[in-house]
$ cat final-v7.pdb   # PDB, C-alpha atoms, pLDDT in the B column
ATOM      1  CA  MET A1091      13.520  40.949  38.278  1.00 94.00           C
ATOM      2  CA  ILE A1092      12.572  37.441  39.293  1.00 95.00           C
ATOM      3  CA  ILE A1093      12.549  36.975  43.053  1.00 94.00           C
ATOM      4  CA  ALA A1094      12.202  33.685  44.910  1.00 93.00           C
ATOM      5  CA  HIS A1095      11.346  33.012  48.532  1.00 92.00           C
ATOM      6  CA  GLY A1096      13.404  31.117  51.069  1.00 87.00           C
ATOM      7  CA  ALA A1097      12.612  27.840  52.800  1.00 83.00           C
ATOM      8  CA  ARG A1098      10.252  29.222  55.443  1.00 83.00           C
ATOM      9  CA  ALA A1099       8.155  31.825  53.633  1.00 88.00           C
ATOM     10  CA  GLY A1100       6.279  31.919  50.343  1.00 93.00           C
ATOM     11  CA  MET A1101       5.925  34.576  47.686  1.00 94.00           C
ATOM     12  CA  ASN A1102       3.229  36.380  49.692  1.00 95.00           C
ATOM     13  CA  HIS A1103       5.368  36.805  52.809  1.00 95.00           C
ATOM     14  CA  SER A1104       5.407  40.437  53.929  1.00 95.00           C
ATOM     15  CA  PHE A1105       9.110  40.789  53.053  1.00 95.00           C
ATOM     16  CA  MET A1106       8.548  39.548  49.499  1.00 95.00           C
ATOM     17  CA  VAL A1107       5.527  41.798  49.016  1.00 97.00           C
ATOM     18  CA  THR A1108       7.332  44.840  50.435  1.00 97.00           C
ATOM     19  CA  LEU A1109      10.391  44.152  48.299  1.00 96.00           C
ATOM     20  CA  ALA A1110       8.270  43.865  45.148  1.00 97.00           C
ATOM     21  CA  GLN A1111       6.400  47.076  46.007  1.00 98.00           C
ATOM     22  CA  SER A1112       9.620  48.957  46.714  1.00 98.00           C
ATOM     23  CA  LEU A1113      11.146  47.809  43.437  1.00 97.00           C
ATOM     24  CA  ALA A1114       7.967  48.796  41.573  1.00 97.00           C
ATOM     25  CA  GLU A1115       8.224  52.295  43.045  1.00 98.00           C
ATOM     26  CA  GLU A1116      11.663  52.484  41.409  1.00 97.00           C
ATOM     27  CA  GLY A1117      10.304  51.283  38.063  1.00 94.00           C
ATOM     28  CA  ILE A1118      11.519  47.698  38.410  1.00 94.00           C
ATOM     29  CA  ALA A1119       8.959  45.023  37.567  1.00 93.00           C
ATOM     30  CA  THR A1120       9.113  41.804  39.559  1.00 94.00           C
ATOM     31  CA  LEU A1121       7.873  38.272  39.097  1.00 95.00           C
ATOM     32  CA  ARG A1122       7.413  36.344  42.335  1.00 96.00           C
ATOM     33  CA  PHE A1123       6.685  32.634  42.432  1.00 96.00           C
ATOM     34  CA  ASN A1124       6.349  29.776  44.890  1.00 95.00           C
ATOM     35  CA  PHE A1125       8.411  26.639  44.745  1.00 95.00           C
ATOM     36  CA  PRO A1126       6.335  23.425  44.531  1.00 95.00           C
ATOM     37  CA  PHE A1127       6.890  22.469  48.183  1.00 94.00           C
ATOM     38  CA  MET A1128       5.329  25.756  49.262  1.00 92.00           C
ATOM     39  CA  GLU A1129       2.422  25.427  46.825  1.00 90.00           C
ATOM     40  CA  ASN A1130       1.761  21.890  48.084  1.00 90.00           C
ATOM     41  CA  LYS A1131       2.217  22.890  51.737  1.00 87.00           C
ATOM     42  CA  LYS A1132       5.029  20.395  52.309  1.00 86.00           C
ATOM     43  CA  GLY A1133       7.437  21.048  55.165  1.00 82.00           C
ATOM     44  CA  ARG A1134      10.582  20.055  53.321  1.00 88.00           C
ATOM     45  CA  PRO A1135      12.093  22.175  50.545  1.00 91.00           C
ATOM     46  CA  ASP A1136      12.275  20.682  47.064  1.00 93.00           C
ATOM     47  CA  THR A1137      15.327  18.837  45.809  1.00 94.00           C
ATOM     48  CA  PRO A1138      17.857  20.997  43.956  1.00 95.00           C
ATOM     49  CA  ALA A1139      16.727  19.475  40.643  1.00 97.00           C
ATOM     50  CA  VAL A1140      13.108  20.491  41.254  1.00 96.00           C
ATOM     51  CA  ALA A1141      14.124  23.939  42.506  1.00 95.00           C
ATOM     52  CA  HIS A1142      16.287  24.531  39.416  1.00 97.00           C
ATOM     53  CA  GLN A1143      13.482  23.372  37.116  1.00 98.00           C
ATOM     54  CA  THR A1144      11.071  25.745  38.864  1.00 97.00           C
ATOM     55  CA  ILE A1145      13.465  28.664  38.508  1.00 96.00           C
ATOM     56  CA  GLY A1146      13.872  27.811  34.817  1.00 97.00           C
ATOM     57  CA  ALA A1147      10.099  27.819  34.372  1.00 97.00           C
ATOM     58  CA  ALA A1148       9.876  31.240  36.065  1.00 96.00           C
ATOM     59  CA  ILE A1149      12.554  32.602  33.747  1.00 96.00           C
ATOM     60  CA  LEU A1150      10.736  31.279  30.662  1.00 96.00           C
ATOM     61  CA  LYS A1151       7.447  32.765  31.896  1.00 95.00           C
ATOM     62  CA  ALA A1152       9.051  36.170  32.468  1.00 95.00           C
ATOM     63  CA  GLN A1153      10.624  36.087  29.002  1.00 95.00           C
ATOM     64  CA  LYS A1154       7.242  35.225  27.473  1.00 95.00           C
ATOM     65  CA  LEU A1155       5.325  37.889  29.405  1.00 92.00           C
ATOM     66  CA  PHE A1156       7.905  40.648  28.978  1.00 90.00           C
ATOM     67  CA  PRO A1157      10.042  39.866  25.917  1.00 92.00           C
ATOM     68  CA  GLY A1158      11.442  43.389  25.571  1.00 89.00           C
ATOM     69  CA  LEU A1159      12.625  43.841  29.164  1.00 90.00           C
ATOM     70  CA  PRO A1160      16.039  42.883  30.558  1.00 92.00           C
ATOM     71  CA  LEU A1161      15.805  39.998  32.989  1.00 90.00           C
ATOM     72  CA  PHE A1162      17.618  39.601  36.287  1.00 91.00           C
TER      73      PHE A1162
END
$ encode --input "final-v7.pdb" --output "structure tokens"
Amino acid sequence: MIIAHGARAGMNHSFMVTLAQSLAEEGIATLRFNFPFMENKKGRPDTPAVAHQTIGAAILKAQKLFPGLPLF
């Protein structure tokens, strides 16, 4: 399962980490990622075009890393 953060917290926020750990305990692998604005420590979220491109890149990465697993 690919999970993305919201506008105020990155992929290492305690909620994201706890969610990933809880899913792992149920046998569900997760891929967390940061949007560019969070990586670059900018206050404003990315434009929809950049956000969609980032999500697409995360999906491609998950497919490459885990080609035999279903993806959500």
$ resolve_selection --input "final-v7.pdb" --expression "the PyMOL selection byres ((chain A and resi 1139-1150) around 8)" --output "PDB file with C-alpha atoms, in the frame of the given file"
ATOM      1  CA  ILE A1092      12.572  37.441  39.293  1.00 95.00           C
ATOM      2  CA  LEU A1121       7.873  38.272  39.097  1.00 95.00           C
ATOM      3  CA  PHE A1123       6.685  32.634  42.432  1.00 96.00           C
ATOM      4  CA  PHE A1125       8.411  26.639  44.745  1.00 95.00           C
ATOM      5  CA  PRO A1126       6.335  23.425  44.531  1.00 95.00           C
ATOM      6  CA  ASP A1136      12.275  20.682  47.064  1.00 93.00           C
ATOM      7  CA  THR A1137      15.327  18.837  45.809  1.00 94.00           C
ATOM      8  CA  PRO A1138      17.857  20.997  43.956  1.00 95.00           C
ATOM      9  CA  LYS A1151       7.447  32.765  31.896  1.00 95.00           C
ATOM     10  CA  ALA A1152       9.051  36.170  32.468  1.00 95.00           C
ATOM     11  CA  GLN A1153      10.624  36.087  29.002  1.00 95.00           C
ATOM     12  CA  LYS A1154       7.242  35.225  27.473  1.00 95.00           C
TER      13      LYS A1154
END
$ closest_residue --input "final-v7.pdb" --among "A:Ala1110, A:Arg1098, A:Ile1093, A:Phe1105" --to "A:Phe1127" --atoms "only C-alpha atoms"
A:Arg1098
$ resolve_selection --input "final-v7.pdb" --expression "the PyMOL selection byres ((chain A and resi 1106) around 12)" --output "PyMOL selection string"
chain A and resi 1092-1096+1099-1105+1107-1113+1120-1124
$ write_last_selection --input "final-v7.pdb" --atoms "C-alpha atoms" --output "PDB file, keeping the file's coordinate frame"
ATOM      1  CA  ILE A1092      12.572  37.441  39.293  1.00 95.00           C
ATOM      2  CA  ILE A1093      12.549  36.975  43.053  1.00 94.00           C
ATOM      3  CA  ALA A1094      12.202  33.685  44.910  1.00 93.00           C
ATOM      4  CA  HIS A1095      11.346  33.012  48.532  1.00 92.00           C
ATOM      5  CA  GLY A1096      13.404  31.117  51.069  1.00 87.00           C
ATOM      6  CA  ALA A1099       8.155  31.825  53.633  1.00 88.00           C
ATOM      7  CA  GLY A1100       6.279  31.919  50.343  1.00 93.00           C
ATOM      8  CA  MET A1101       5.925  34.576  47.686  1.00 94.00           C
ATOM      9  CA  ASN A1102       3.229  36.380  49.692  1.00 95.00           C
ATOM     10  CA  HIS A1103       5.368  36.805  52.809  1.00 95.00           C
ATOM     11  CA  SER A1104       5.407  40.437  53.929  1.00 95.00           C
ATOM     12  CA  PHE A1105       9.110  40.789  53.053  1.00 95.00           C
ATOM     13  CA  VAL A1107       5.527  41.798  49.016  1.00 97.00           C
ATOM     14  CA  THR A1108       7.332  44.840  50.435  1.00 97.00           C
ATOM     15  CA  LEU A1109      10.391  44.152  48.299  1.00 96.00           C
ATOM     16  CA  ALA A1110       8.270  43.865  45.148  1.00 97.00           C
ATOM     17  CA  GLN A1111       6.400  47.076  46.007  1.00 98.00           C
ATOM     18  CA  SER A1112       9.620  48.957  46.714  1.00 98.00           C
ATOM     19  CA  LEU A1113      11.146  47.809  43.437  1.00 97.00           C
ATOM     20  CA  THR A1120       9.113  41.804  39.559  1.00 94.00           C
ATOM     21  CA  LEU A1121       7.873  38.272  39.097  1.00 95.00           C
ATOM     22  CA  ARG A1122       7.413  36.344  42.335  1.00 96.00           C
ATOM     23  CA  PHE A1123       6.685  32.634  42.432  1.00 96.00           C
ATOM     24  CA  ASN A1124       6.349  29.776  44.890  1.00 95.00           C
TER      25      ASN A1124
END
$ atom_distance --input "final-v7.pdb" --atom1 "atom CA of A:Lys1132" --atom2 "atom CA of A:Met1091"
26.3 Å
$ atom_distance --input "final-v7.pdb" --atom1 "atom CA of A:Phe1162" --atom2 "atom CA of A:Ala1097"
20.9 Å
$ axis_aligned_box --input "final-v7.pdb" --around "stretch 1150-1158 of chain A" --padding-each-side "4 Å" --output "lines of an AutoDock Vina configuration file"
center_x = 8.4
center_y = 37.3
center_z = 29.0
size_x = 14.1
size_y = 20.1
size_z = 14.9
$ atom_distance --input "final-v7.pdb" --atom1 "atom CA of A:Pro1157" --atom2 "atom CA of A:Glu1116"
20.0 Å
